[in-house]
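A.B. asks: What follows is start25.cif, mmCIF, C-alpha atoms.
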data_final
#
loop_
_atom_site.label_atom_id
_atom_site.label_comp_id
_atom_site.auth_asym_id
_atom_site.auth_seq_id
_atom_site.Cartn_x
_atom_site.Cartn_y
_atom_site.Cartn_z
CA MET I 298 -89.26 106.02 64.32
CA LYS I 299 -92.35 103.79 64.33
CA LYS I 300 -90.27 101.02 62.74
CA THR I 301 -87.69 101.25 65.56
CA ILE I 302 -90.38 101.07 68.26
CA ARG I 303 -91.91 98.03 66.55
CA LEU I 304 -88.50 96.22 66.58
CA ILE I 305 -88.01 96.96 70.26
CA ILE I 306 -91.46 95.59 71.12
CA LEU I 307 -90.79 92.37 69.13
CA SER I 308 -87.44 91.87 70.88
CA LEU I 309 -89.01 92.25 74.33
CA ALA I 310 -91.71 89.74 73.38
CA ALA I 311 -89.10 87.20 72.24
CA ILE I 312 -87.21 87.58 75.52
CA ALA I 313 -90.40 87.02 77.51
CA VAL I 314 -91.14 83.83 75.54
CA MET I 315 -87.62 82.50 76.16
CA GLU I 316 -87.91 83.17 79.90
CA ALA I 317 -91.20 81.32 80.01
CA LEU I 318 -89.69 78.32 78.25
CA LEU I 319 -86.82 78.23 80.74
CA VAL I 320 -89.22 78.24 83.68
CA VAL I 321 -91.18 75.32 82.19
CA LEU I 322 -87.96 73.36 81.57
CA LYS I 323 -86.78 73.88 85.15
CA LEU I 324 -90.14 72.74 86.50
CA ARG I 325 -89.99 69.57 84.42
CA GLN I 326 -86.43 68.82 85.62
CA ALA I 327 -87.51 69.31 89.23
CA GLY I 328 -90.41 66.96 88.66
CA ASP I 329 -88.15 64.30 87.16
CA SER I 330 -85.72 64.61 90.08
CA GLY I 331 -88.56 64.21 92.53
CA GLN I 332 -89.78 61.06 90.77
CA GLN I 333 -86.25 59.56 90.82
CA ALA I 334 -85.86 60.34 94.52
CA ALA I 335 -89.19 58.67 95.24
CA GLY I 336 -88.09 55.51 93.39
CA ASP I 337 -84.62 55.40 95.01
CA PRO I 338 -84.45 57.53 98.17
CA ALA I 339 -80.64 57.43 98.23
CA ALA I 340 -80.25 58.52 94.60
CA ALA I 341 -80.19 62.28 95.09
CA GLN I 342 -76.80 63.66 96.01
CA GLY I 343 -76.63 65.23 99.43
CA GLN I 344 -79.75 63.39 100.60
CA GLU I 345 -79.47 61.17 103.67
CA GLN I 346 -79.66 57.46 103.02
CA ALA I 347 -83.15 56.06 103.44
CA VAL I 348 -83.40 53.55 106.29
CA ILE I 349 -86.12 51.29 107.67
CA TRP I 350 -85.40 52.51 111.18
CA SER I 351 -82.73 54.51 112.94
CA GLU I 352 -81.66 53.58 116.47
CA GLU I 353 -78.81 54.47 118.77
CA GLN I 354 -76.04 52.06 119.70
CA ALA I 355 -77.02 48.38 119.63
CA ASP I 356 -76.21 46.30 122.71
CA GLU I 357 -76.82 42.91 121.15
CA LEU I 358 -77.50 41.43 117.75
CA GLN I 359 -78.85 37.96 117.02
CA VAL I 360 -78.92 36.65 113.43
CA SER I 361 -80.63 33.41 112.47
CA ASN I 362 -80.28 31.65 109.12
CA SER I 363 -79.78 28.20 107.61
CA ALA I 364 -75.97 28.50 107.95
CA GLY I 365 -76.25 28.75 111.74
CA GLY I 366 -76.28 32.50 112.24
CA PHE I 367 -74.30 34.40 114.85
CA ARG I 368 -74.58 36.61 117.90
CA ILE I 369 -72.75 39.90 118.49
CA ILE I 370 -72.57 41.46 121.97
CA ARG I 371 -71.29 44.91 122.90
CA ASN I 372 -68.43 44.77 125.38
CA PRO I 373 -69.53 46.33 128.71
CA GLY I 374 -68.69 50.01 128.95
CA ALA I 375 -67.03 50.07 125.52
CA ASP I 376 -67.80 50.83 121.90
CA SER I 377 -66.32 47.50 120.78
CA TYR I 378 -68.10 44.22 120.12
CA ALA I 379 -67.43 40.51 120.58
CA VAL I 380 -68.73 37.65 118.47
CA GLU I 381 -70.07 34.73 120.45
CA THR I 382 -67.99 31.51 119.98
CA LEU I 383 -65.05 33.60 118.72
CA GLU I 384 -63.97 35.06 122.06
CA ASN I 385 -60.56 33.33 121.81
CA HIS I 386 -59.99 34.18 118.16
CA GLU I 387 -58.88 37.25 116.30
CA THR I 388 -61.84 38.82 114.51
CA ASP I 389 -62.24 41.34 111.72
CA SER I 390 -63.48 44.31 113.74
CA ASP I 391 -64.41 46.29 110.61
CA ALA I 392 -66.70 43.48 109.44
CA VAL I 393 -68.32 43.22 112.89
CA VAL I 394 -68.94 46.97 113.08
CA SER I 395 -70.43 47.03 109.57
CA VAL I 396 -73.07 44.48 110.65
CA VAL I 397 -73.83 46.43 113.84
CA ARG I 398 -74.28 49.65 111.86
CA PHE I 399 -76.60 47.85 109.47
CA ALA I 400 -78.68 46.71 112.46
CA GLN I 401 -78.85 50.24 113.88
CA SER I 402 -80.00 51.75 110.57
CA PRO I 403 -80.94 49.17 107.91
CA PRO I 404 -80.73 50.94 104.52
CA TYR I 405 -83.19 50.18 101.78
CA MET I 406 -83.07 50.59 98.02
CA LYS I 407 -86.81 50.84 97.49
CA ASP I 408 -89.93 51.21 99.60
CA LEU I 409 -92.57 49.08 97.86
CA GLY I 410 -95.34 50.21 100.20
CA LYS I 411 -97.91 48.04 101.97
CA ALA I 412 -97.91 44.44 100.84
CA GLY I 413 -99.05 40.93 101.74
CA GLY I 414 -98.81 37.43 100.34
CA TRP I 415 -95.38 37.08 101.88
CA GLU I 416 -94.69 33.73 100.17
CA GLN I 417 -93.94 35.45 96.85
CA TYR I 418 -91.23 37.51 98.54
CA GLY I 419 -89.71 34.64 100.54
CA LEU I 420 -90.94 36.26 103.74
CA ALA I 421 -93.43 33.61 104.90
CA GLU I 422 -90.38 31.60 105.97
CA PRO I 423 -87.57 34.17 105.93
CA ALA I 424 -84.12 33.15 104.76
CA ALA I 425 -82.64 35.23 107.58
CA SER I 426 -83.77 37.25 110.53
CA MET I 427 -81.92 39.90 112.52
CA THR I 428 -83.01 40.92 116.01
CA ALA I 429 -81.23 43.90 117.53
CA VAL I 430 -81.46 44.92 121.19
CA PHE I 431 -81.07 48.62 121.94
CA GLY I 432 -81.07 50.73 125.10
CA GLY I 433 -83.87 49.98 127.54
CA ASN I 434 -84.08 46.44 126.11
CA SER I 435 -86.12 47.63 123.14
CA THR I 436 -85.88 45.23 120.22
CA ARG I 437 -86.44 45.40 116.49
CA THR I 438 -86.43 42.47 114.11
CA LEU I 439 -85.79 42.56 110.39
CA LEU I 440 -86.92 39.62 108.23
CA ILE I 441 -84.99 38.97 105.00
CA GLY I 442 -86.62 37.06 102.15
CA SER I 443 -85.67 36.13 98.61
CA GLU I 444 -83.47 38.07 96.21
CA ALA I 445 -85.19 40.80 94.20
CA PRO I 446 -84.94 40.69 90.37
CA ASP I 447 -82.85 43.87 90.15
CA GLY I 448 -80.62 43.13 93.14
CA GLY I 449 -80.99 43.38 96.90
CA TYR I 450 -83.41 41.35 99.03
CA TYR I 451 -87.05 41.69 99.97
CA ALA I 452 -87.39 42.59 103.63
CA ARG I 453 -89.86 43.83 106.21
CA GLU I 454 -89.79 44.67 109.86
CA ASP I 455 -91.45 42.02 112.00
CA GLY I 456 -95.00 43.15 112.74
CA SER I 457 -95.11 45.60 109.81
CA ASP I 458 -96.78 45.29 106.38
CA GLU I 459 -94.33 47.70 104.75
CA LEU I 460 -92.22 45.92 102.09
CA TYR I 461 -88.69 47.01 101.21
CA ILE I 462 -85.78 45.99 99.04
CA VAL I 463 -82.66 46.17 101.21
CA LYS I 464 -78.99 46.22 100.29
CA GLY I 465 -75.79 45.40 102.16
CA SER I 466 -77.31 42.39 103.92
CA SER I 467 -75.20 39.49 102.54
CA ARG I 468 -73.49 38.87 105.90
CA LEU I 469 -76.88 38.05 107.43
CA PHE I 470 -76.92 34.78 105.46
CA ARG I 471 -73.67 33.48 106.96
CA ASP I 472 -72.39 32.25 110.32
CA ALA I 473 -69.76 33.51 112.79
CA LYS I 474 -66.80 32.09 110.80
CA GLN I 475 -67.09 35.05 108.40
CA PHE I 476 -65.59 37.31 111.06
CA VAL I 477 -62.31 35.35 111.25
CA PRO I 478 -59.76 37.26 109.11
CA LEU I 479 -58.82 35.61 105.83
CA THR I 480 -55.19 36.73 106.11
CA VAL I 481 -53.55 33.54 107.36
CA PHE I 482 -49.96 34.80 107.48
CA GLN I 483 -47.86 37.72 106.33
CA ALA I 484 -44.08 37.64 106.58
CA ASP I 485 -42.28 40.76 107.70
CA MET I 486 -39.77 40.85 104.85
CA GLY I 487 -37.06 43.46 105.10
CA GLU I 488 -35.62 42.60 101.69
CA ALA I 489 -37.16 41.72 98.35
CA ASP I 490 -34.88 38.73 97.64
CA HIS I 491 -36.60 36.43 100.15
CA SER I 492 -33.36 36.18 102.14
CA GLY I 493 -35.37 35.83 105.35
CA TYR I 494 -36.21 32.18 104.58
CA THR I 495 -33.53 29.87 105.97
CA VAL I 496 -35.23 26.44 106.21
CA LEU I 497 -37.98 24.71 104.21
CA HIS I 498 -39.00 21.15 105.07
CA PHE I 499 -41.56 19.31 102.91
CA SER I 500 -43.34 16.10 103.91
CA GLY I 501 -46.76 14.51 103.43
CA SER I 502 -48.44 12.07 101.06
CA ASN I 503 -47.51 14.17 98.00
CA TYR I 504 -43.83 13.51 98.74
CA GLU I 505 -42.28 10.04 98.53
CA GLU I 506 -39.22 11.38 100.30
CA GLU I 507 -38.95 14.30 102.70
CA ILE I 508 -37.20 17.38 101.34
CA THR I 509 -35.11 19.74 103.47
CA ILE I 510 -33.81 22.95 101.91
CA LEU I 511 -31.31 25.22 103.64
CA ALA I 512 -30.16 28.74 102.82
CA ASP I 513 -26.52 27.89 103.50
CA ALA I 514 -24.83 28.96 100.22
CA ARG I 515 -23.06 25.61 100.20
CA PHE I 516 -22.73 25.82 96.43
CA PRO I 517 -21.15 28.88 94.79
CA TYR I 518 -23.92 29.45 92.23
CA ALA I 519 -26.90 28.78 94.49
CA ARG I 520 -28.16 30.35 97.70
CA TYR I 521 -30.13 27.22 98.62
CA SER I 522 -29.07 23.60 98.89
CA SER I 523 -30.87 20.45 99.98
CA ALA I 524 -29.87 18.31 102.95
CA GLU I 525 -32.30 15.53 102.02
CA PRO I 526 -33.07 13.38 100.10
CA ALA I 527 -29.61 14.28 98.73
CA VAL I 528 -27.06 17.03 99.13
CA MET I 529 -27.15 19.22 96.04
CA ALA I 530 -27.72 22.73 94.80
CA MET I 531 -31.26 24.02 94.50
CA ASN I 532 -32.79 26.14 91.76
CA ASP I 533 -33.01 29.48 93.56
CA GLU I 534 -35.70 30.76 91.22
CA ALA I 535 -37.88 27.71 91.92
CA VAL I 536 -37.38 28.02 95.70
CA ASN I 537 -38.18 31.73 95.54
CA ARG I 538 -41.47 30.90 93.82
CA VAL I 539 -42.36 28.85 96.90
CA THR I 540 -41.30 31.52 99.38
CA SER I 541 -43.22 34.21 97.45
CA LEU I 542 -46.39 32.17 98.06
CA LEU I 543 -45.56 32.08 101.77
CA ASP I 544 -44.90 35.84 102.01
CA LYS I 545 -48.62 36.52 102.27
CA ILE I 546 -51.14 33.71 102.63
CA THR I 547 -54.77 34.69 102.14
CA ALA I 548 -57.61 32.17 102.40
CA ARG I 549 -60.68 31.94 100.18
CA GLU I 550 -62.84 30.97 103.14
CA VAL I 551 -62.82 29.87 106.76
CA LEU I 552 -64.17 26.32 106.86
CA ALA I 553 -64.12 25.55 110.59
CA VAL I 554 -63.27 27.13 113.92
CA ASP I 555 -62.18 25.00 116.90
CA PRO I 556 -62.57 21.74 114.91
CA ASP I 557 -62.67 18.48 116.85
CA GLU I 558 -60.76 15.33 115.89
CA ALA I 559 -63.59 14.06 113.70
CA ALA I 560 -63.67 17.34 111.77
CA LEU I 561 -59.89 17.30 111.33
CA ARG I 562 -60.10 13.81 109.85
CA GLU I 563 -62.89 14.96 107.53
CA TYR I 564 -60.70 17.81 106.27
CA GLY I 565 -57.82 15.42 105.58
CA PHE I 566 -55.41 16.30 108.38
CA GLU I 567 -54.93 12.74 109.59
CA GLU I 568 -52.86 12.08 106.44
CA PRO I 569 -52.18 15.52 104.94
CA VAL I 570 -51.00 15.89 101.36
CA CYS I 571 -48.31 18.35 102.45
CA HIS I 572 -46.76 19.48 105.71
CA LEU I 573 -44.41 22.41 105.18
CA ASP I 574 -42.30 23.65 108.08
CA PHE I 575 -40.31 26.81 107.44
CA ILE I 576 -38.20 29.37 109.24
CA VAL I 577 -38.40 33.00 108.18
CA ASN I 578 -36.65 35.86 109.97
CA GLY I 579 -35.74 33.40 112.72
CA ASN I 580 -39.38 32.44 113.40
CA GLU I 581 -40.62 28.88 112.94
CA HIS I 582 -43.95 28.28 111.21
CA SER I 583 -45.92 25.36 109.86
CA ILE I 584 -48.56 25.18 107.15
CA ILE I 585 -50.45 21.95 106.46
CA ALA I 586 -52.55 21.12 103.41
CA GLY I 587 -55.04 18.46 104.48
CA LYS I 588 -56.67 17.47 101.21
CA ALA I 589 -57.49 18.86 97.79
CA THR I 590 -60.92 20.45 97.35
CA GLU I 591 -62.83 21.60 94.30
CA ASN I 592 -61.31 25.07 94.67
CA GLY I 593 -57.94 24.35 96.29
CA TYR I 594 -56.90 22.82 99.62
CA THR I 595 -57.98 22.61 103.24
CA VAL I 596 -55.24 24.28 105.27
CA ARG I 597 -54.13 24.82 108.85
CA PHE I 598 -51.43 27.24 110.00
CA ASP I 599 -49.21 26.75 113.06
CA ASP I 600 -51.32 25.56 116.01
CA ARG I 601 -54.22 27.87 115.19
CA PRO I 602 -57.57 26.05 115.71
CA VAL I 603 -58.93 27.21 112.36
CA VAL I 604 -59.37 25.34 109.07
CA TYR I 605 -59.08 27.50 105.97
CA GLU I 606 -59.58 26.86 102.29
CA LEU I 607 -56.77 28.15 100.10
CA ALA I 608 -57.17 28.58 96.36
CA ALA I 609 -55.11 26.20 94.23
CA GLY I 610 -53.05 29.10 92.89
CA GLN I 611 -52.04 30.02 96.45
CA ALA I 612 -51.01 26.50 97.45
CA ASP I 613 -50.08 24.34 94.45
CA GLY I 614 -46.56 25.77 94.36
CA TRP I 615 -45.69 24.29 97.77
CA ALA I 616 -48.32 21.59 98.30
CA ARG I 617 -47.61 19.62 95.13
CA THR I 618 -44.16 20.61 93.95
CA SER I 619 -41.37 18.01 93.62
CA TYR I 620 -37.71 17.63 94.40
CA TYR I 621 -36.96 17.63 90.68
CA GLU I 622 -38.76 20.95 90.21
CA LEU I 623 -36.94 22.53 93.14
CA ARG I 624 -33.36 21.39 92.57
CA SER I 625 -30.77 22.62 90.13
CA ARG I 626 -30.60 20.79 86.79
CA PHE I 627 -26.80 20.98 86.68
CA LEU I 628 -24.77 17.84 87.48
CA LEU I 629 -21.71 19.44 89.06
CA LEU I 630 -22.15 23.04 90.18
CA TYR I 631 -18.85 24.10 91.77
CA GLY I 632 -16.61 27.11 91.30
CA ILE I 633 -13.52 26.66 89.17
CA GLY I 634 -11.31 27.76 92.06
CA ASP I 635 -12.79 25.11 94.40
CA VAL I 636 -11.75 22.09 92.31
CA SER I 637 -8.27 20.56 92.59
CA ARG I 638 -8.77 17.57 90.28
CA ILE I 639 -11.22 16.39 87.62
CA THR I 640 -11.20 12.77 86.53
CA ILE I 641 -13.29 11.74 83.52
CA ARG I 642 -13.21 7.96 83.26
CA ASP I 643 -14.39 6.05 80.21
CA GLU I 644 -15.49 2.87 81.97
CA GLU I 645 -15.93 0.90 78.76
CA ALA I 646 -12.44 1.74 77.44
CA GLY I 647 -10.85 1.57 80.88
CA SER I 648 -9.13 4.95 80.36
CA ALA I 649 -9.24 8.30 82.11
CA ARG I 650 -8.41 11.97 81.50
CA ILE I 651 -7.18 13.83 84.57
CA PHE I 652 -7.09 17.61 85.06
CA GLU I 653 -5.11 18.91 88.04
CA LYS I 654 -4.98 22.47 89.34
CA ALA I 655 -2.75 24.03 91.96
CA GLN I 656 -4.55 25.93 94.71
CA ASP I 657 -4.52 29.72 94.33
CA GLU I 658 -2.64 29.42 91.05
CA ASP I 659 -3.78 29.50 87.44
CA VAL I 660 -1.72 26.45 86.59
CA VAL I 661 -3.49 23.38 85.18
CA THR I 662 -2.28 20.08 83.74
CA LEU I 663 -4.09 17.52 81.60
CA ASP I 664 -2.65 14.03 82.03
CA GLY I 665 0.53 15.58 83.38
CA LYS I 666 0.98 18.16 80.59
CA GLU I 667 0.49 21.86 81.25
CA LEU I 668 -2.69 23.28 79.74
CA ASP I 669 -3.42 26.88 78.85
CA TYR I 670 -5.61 28.26 81.65
CA ASP I 671 -8.05 30.06 79.35
CA THR I 672 -8.50 26.82 77.43
CA TYR I 673 -9.15 25.02 80.73
CA ARG I 674 -11.65 27.67 81.78
CA SER I 675 -13.59 27.22 78.53
CA PHE I 676 -13.64 23.43 79.02
CA TYR I 677 -14.69 23.84 82.65
CA GLN I 678 -17.66 25.98 81.65
CA GLN I 679 -18.73 23.28 79.21
CA LEU I 680 -18.36 20.61 81.89
CA ILE I 681 -20.43 22.35 84.58
CA SER I 682 -23.08 23.17 81.96
CA LEU I 683 -23.99 19.48 81.73
CA SER I 684 -27.56 19.22 82.99
CA VAL I 685 -30.56 16.92 83.10
CA PHE I 686 -33.49 17.74 80.81
CA ASP I 687 -36.04 15.39 82.38
CA ASP I 688 -36.75 13.50 85.57
CA SER I 689 -36.61 9.71 85.58
CA THR I 690 -37.72 6.86 87.80
CA GLN I 691 -35.37 4.51 85.95
CA ARG I 692 -32.85 2.58 88.03
CA PRO I 693 -29.27 2.22 86.78
CA GLU I 694 -28.39 -1.20 85.42
CA GLY I 695 -24.93 -2.66 84.90
CA ASP I 696 -21.83 -0.47 84.84
CA PRO I 697 -21.76 3.23 83.94
CA ALA I 698 -20.40 4.33 80.57
CA VAL I 699 -18.67 7.39 82.03
CA THR I 700 -17.86 8.60 85.54
CA ILE I 701 -16.94 12.22 86.26
CA THR I 702 -15.25 12.86 89.61
CA MET I 703 -14.38 16.22 91.13
CA ASP I 704 -11.91 16.50 94.02
CA LEU I 705 -12.39 19.72 95.93
CA PHE I 706 -9.79 21.57 97.95
CA GLY I 707 -10.51 20.44 101.48
CA SER I 708 -10.68 16.70 100.61
CA GLU I 709 -14.37 16.52 99.55
CA GLN I 710 -15.03 14.36 96.48
CA VAL I 711 -18.13 14.31 94.26
CA SER I 712 -18.88 11.79 91.48
CA VAL I 713 -21.56 11.55 88.80
CA SER I 714 -21.98 8.29 86.87
CA LEU I 715 -23.67 8.23 83.47
CA TYR I 716 -25.47 5.06 82.41
CA PRO I 717 -26.73 4.21 78.92
CA SER I 718 -30.46 4.84 78.52
CA GLU I 719 -33.06 4.67 75.78
CA GLY I 720 -33.45 7.32 73.12
CA ARG I 721 -29.78 8.34 72.94
CA ASN I 722 -29.86 9.64 76.46
CA ALA I 723 -27.80 8.90 79.54
CA LEU I 724 -29.06 8.35 83.08
CA ALA I 725 -27.15 10.54 85.56
CA VAL I 726 -26.65 9.18 89.08
CA ARG I 727 -24.88 10.99 91.91
CA ASP I 728 -24.02 9.26 95.19
CA GLY I 729 -26.71 6.66 94.47
CA PHE I 730 -29.36 9.30 93.76
CA THR I 731 -30.88 9.45 90.25
CA LEU I 732 -30.61 13.00 88.93
CA GLY I 733 -32.42 12.43 85.63
CA LEU I 734 -31.71 12.15 81.93
CA VAL I 735 -28.83 13.85 80.09
CA ARG I 736 -28.78 14.22 76.32
CA GLN I 737 -26.16 12.03 74.70
CA THR I 738 -25.39 14.84 72.24
CA ASP I 739 -24.10 16.97 75.17
CA LEU I 740 -21.79 14.13 76.23
CA ASP I 741 -20.60 13.66 72.65
CA GLN I 742 -19.68 17.35 72.45
CA LEU I 743 -17.75 17.05 75.72
CA ASN I 744 -15.84 14.05 74.38
CA THR I 745 -15.00 15.98 71.20
CA THR I 746 -13.54 18.80 73.32
CA LEU I 747 -11.52 16.27 75.35
CA ASP I 748 -10.08 14.77 72.18
CA GLN I 749 -9.09 18.22 70.93
CA LEU I 750 -7.39 19.08 74.23
CA SER I 751 -5.40 15.81 74.16
CA GLN I 752 -3.90 16.48 70.72
#
Could you write out this file's structure as structure tokens?
C.D. replies:
Amino acid sequence: MKKTIRLIILSLAAIAVMEALLVVLKLRQAGDSGQQAAGDPAAAQGQEQAVIWSEEQADELQVSNSAGGFRIIRNPGADSYAVETLENHETDSDAVVSVVRFAQSPPYMKDLGKAGGWEQYGLAEPAASMTAVFGGNSTRTLLIGSEAPDGGYYAREDGSDELYIVKGSSRLFRDAKQFVPLTVFQADMGEADHSGYTVLHFSGSNYEEEITILADARFPYARYSSAEPAVMAMNDEAVNRVTSLLDKITAREVLAVDPDEAALREYGFEEPVCHLDFIVNGNEHSIIAGKATENGYTVRFDDRPVVYELAAGQADGWARTSYYELRSRFLLLYGIGDVSRITIRDEEAGSARIFEKAQDEDVVTLDGKELDYDTYRSFYQQLISLSVFDDSTQRPEGDPAVTITMDLFGSEQVSVSLYPSEGRNALAVRDGFTLGLVRQTDLDQLNTTLDQLSQ
């Protein structure tokens, strides 16, 4: 019995010790939490954010800094605000409101207590100052100094010795241009295949010849064709890469608002590198790249009095593309049912092979002799697969080695002449326009097929 009582007493003592340890642990945790909250007033969950001051709705806000600063004014009788100098421009209302809210209750990361020697904090000559006017014309001014080692900026209220580290104040170092939206244009595309784009016209110093592209399905295997500098099929994939860049145009930065003529010349718009006019969903637009910058291009859109900077990745695809990159590589891209006659003339030998096809009939002759239609179809695929593999500035000299002519139903005729070139290549020329270089091996294979068909 005595042994049982002794065990009970020991158990109760152990429980009491455990409870005491738990109390001590909880007290230590509470102390740690209090120390953290003192170091960072906004750290504790559920605790209101610590602010330097808290005022009701601001009526006016004036920011001064080396960039020029800005002034925000509350619209009379409304909860909305206007940015001085941007009255005639669209502004990012969310960005404006965020600055106003900062002015009404500037949050701080740390309260460093009373201080002096403002030079070491960049507050003897503040990098930025913000003066807010509240009801009854009461004003409060916040001075922003240098960046703190662990982030944020040193700050103090004008007339106070209390030193803070504030956060969320980066907009106070900029001017009014920051409130112009960076979304330059966004097309309202109903379909994902870019079918809304019907005209693209390229000009500018990056283009020796103007390029006009139309979505006219003139060629059976291409949605787009060019009207200048020559009439030919485009590479739809290449054109779609351009239109995908135009679908949504977002700037890196706004460089100027309401620029004068001198500013426009400075940004390169007197002789722009690219002027692209386009029609999408029936609406005409224009985007101009003035000059290349370290990060991209200076850009204007439509008649908007704003100069943007676009990143190179957003603009290179249309500002510095080429006709060669945009057009189809194939020499003769027509449907087999559209062609009534094919003449392949060996200019050196003075001979020709002639294929003739009746309209709406699968009847074909080669030099007057009937040819199996499946055999003709296989040859035709080989013929229209002829393509250029590289661009060329070379001019044709002398007479061509081979001329391929297609007569289309409806009386249209198209010819491609192939001239000898260096490196076992041939220079392809169509209607006086140099298409590029064709591999001689491809022409040799075509000649081999012709010889086999003639046997």
A.B. asks: Please evaluate the PyMOL selection byres ((chain I and resi 420-424) around 12) against the structure above and give the resulting residues as number ranges by chain.
C.D. replies: I: 360-366, 412-419, 425-427, 438-444, 450-455, 457-462, 466-467, 469-471
A.B. asks: Enter the distance from atom CA of I:Gly432 to atom CA of I:Phe399, in Å, rounded to one decimal.
C.D. replies: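 Separating atom CA of I:Gly432 from atom CA of I:Phe399 is a distance of 16.5 Å.
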A.B. asks: For I:Leu715, list every protein, DNA or RNA residue within 10 Å, evaluated using all atoms listed in the file, and leave out those in the same chain fewer than 6 positions away; present the list as a list in words.
C.D. replies: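 The residues satisfying every condition are Glu644, Pro693, Asp696, Pro697, Ala698, Val699, Thr700, Ile701, Asn722, Ala723, Leu724, Ala725, Val726, Arg727, Thr731, Gly733, Leu734, Val735, Gln737 and Leu740 of chain I.
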A.B. asks: Near I:Ile681, within 9 Å and counting all atoms listed in the file, which residues show up once chain neighbours fewer than 3 positions away are dropped, as a ChimeraX atom specification?
C.D. replies: /I:627-631,676-678,684
A.B. asks: Here is a test: counting only C-alpha atoms, which residue of I:Pro526, I:Gly465, I:Gly665, I:Pro717 is nearest to I:Pro403?
C.D. replies: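 Ranking I:Pro526, I:Gly465, I:Gly665, I:Pro717 by distance to I:Pro403, first place goes to I:Gly465.
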A.B. asks: Quick one: apply the PyMOL selection byres ((chain I and resi 376) around 10) to the file and drop the selected residues here as a list of chain:residue names.
C.D. replies: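 Checking the PyMOL selection byres ((chain I and resi 376) around 10) against this file, the residues are I:Gln354, I:Ala355, I:Asp356, I:Arg371, I:Asn372, I:Pro373, I:Gly374, I:Ala375, I:Ser377, I:Tyr378, I:Val394.
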A.B. asks: Residues as selected, C-alpha atoms, written as a compact mmCIF listing (two decimals), keeping the file's coordinate frame, can you do that?
C.D. replies:
# COMPACT_ATOMS: atom_id res chain seq x y z
CA GLN I 354 -76.04 52.06 119.70
CA ALA I 355 -77.02 48.38 119.63
CA ASP I 356 -76.21 46.30 122.71
CA ARG I 371 -71.29 44.91 122.90
CA ASN I 372 -68.43 44.77 125.38
CA PRO I 373 -69.53 46.33 128.71
CA GLY I 374 -68.69 50.01 128.95
CA ALA I 375 -67.03 50.07 125.52
CA SER I 377 -66.32 47.50 120.78
CA TYR I 378 -68.10 44.22 120.12
CA VAL I 394 -68.94 46.97 113.08
A.B. asks: Applied to the shown file, which residues does the PyMOL selection byres ((chain I and resi 591-604) around 7) return, written as number ranges by chain?
C.D. replies: I: 551-556, 564, 582-590, 605-609
A.B. asks: Kindly save the residues from that selection, with C-alpha atoms included, as a PDB file, in the coordinates of the input.
C.D. replies:
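What ended up in out_25.pdb:
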ATOM      1  CA  VAL I 551     -62.820  29.870 106.760  1.00  0.00           C
ATOM      2  CA  LEU I 552     -64.170  26.320 106.860  1.00  0.00           C
ATOM      3  CA  ALA I 553     -64.120  25.550 110.590  1.00  0.00           C
ATOM      4  CA  VAL I 554     -63.270  27.130 113.920  1.00  0.00           C
ATOM      5  CA  ASP I 555     -62.180  25.000 116.900  1.00  0.00           C
ATOM      6  CA  PRO I 556     -62.570  21.740 114.910  1.00  0.00           C
ATOM      7  CA  TYR I 564     -60.700  17.810 106.270  1.00  0.00           C
ATOM      8  CA  HIS I 582     -43.950  28.280 111.210  1.00  0.00           C
ATOM      9  CA  SER I 583     -45.920  25.360 109.860  1.00  0.00           C
ATOM     10  CA  ILE I 584     -48.560  25.180 107.150  1.00  0.00           C
ATOM     11  CA  ILE I 585     -50.450  21.950 106.460  1.00  0.00           C
ATOM     12  CA  ALA I 586     -52.550  21.120 103.410  1.00  0.00           C
ATOM     13  CA  GLY I 587     -55.040  18.460 104.480  1.00  0.00           C
ATOM     14  CA  LYS I 588     -56.670  17.470 101.210  1.00  0.00           C
ATOM     15  CA  ALA I 589     -57.490  18.860  97.790  1.00  0.00           C
ATOM     16  CA  THR I 590     -60.920  20.450  97.350  1.00  0.00           C
ATOM     17  CA  TYR I 605     -59.080  27.500 105.970  1.00  0.00           C
ATOM     18  CA  GLU I 606     -59.580  26.860 102.290  1.00  0.00           C
ATOM     19  CA  LEU I 607     -56.770  28.150 100.100  1.00  0.00           C
ATOM     20  CA  ALA I 608     -57.170  28.580  96.360  1.00  0.00           C
ATOM     21  CA  ALA I 609     -55.110  26.200  94.230  1.00  0.00           C
TER      22      ALA I 609
END
A.B. asks: Could you tell me how far atom CA of I:Asp513 lies from atom CA of I:Ala484, in Å and to one decimal?
C.D. replies: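 Computed distance, atom CA of I:Asp513 to atom CA of I:Ala484, equals 20.3 Å.
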A.B. asks: Rounded to one decimal place, report the atom CA of I:Val528-atom CA of I:Val496 distance in Å.
C.D. replies: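 Atom-to-atom, atom CA of I:Val528 and atom CA of I:Val496 are spaced 14.3 Å apart.
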A.B. asks: Measuring between all atoms listed in the file, which one of I:Asp447, I:Glu506, I:Glu550, I:Asp741 shows the shortest distance to I:Gln475?
C.D. replies: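 Closest to I:Gln475 of all the choices is I:Glu550.
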A.B. asks: For each of I:Pro517, I:Gly720, I:Gly632, I:Pro446, take the minimum atom-to-atom distance to I:Asp704, counting all atoms listed in the file, then give the residue where this is smallest.
C.D. replies: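 The closest residue to I:Asp704 is I:Gly632.
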A.B. asks: Env of I:Glu381: 8 Å cut, atoms = only C-alpha atoms, seq-sep filter 4 positions within chain, self excluded. Answer as an NGL selection string.
C.D. replies: :I and (367-370 or 473)
A.B. asks: Rank nothing, just name the residue among I:Arg437, I:Gly410, I:Asn580, I:Asn532 nearest to I:Asp485, using only C-alpha atoms.
C.D. replies: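 So, comparing all the options, the nearest one is I:Asn580.
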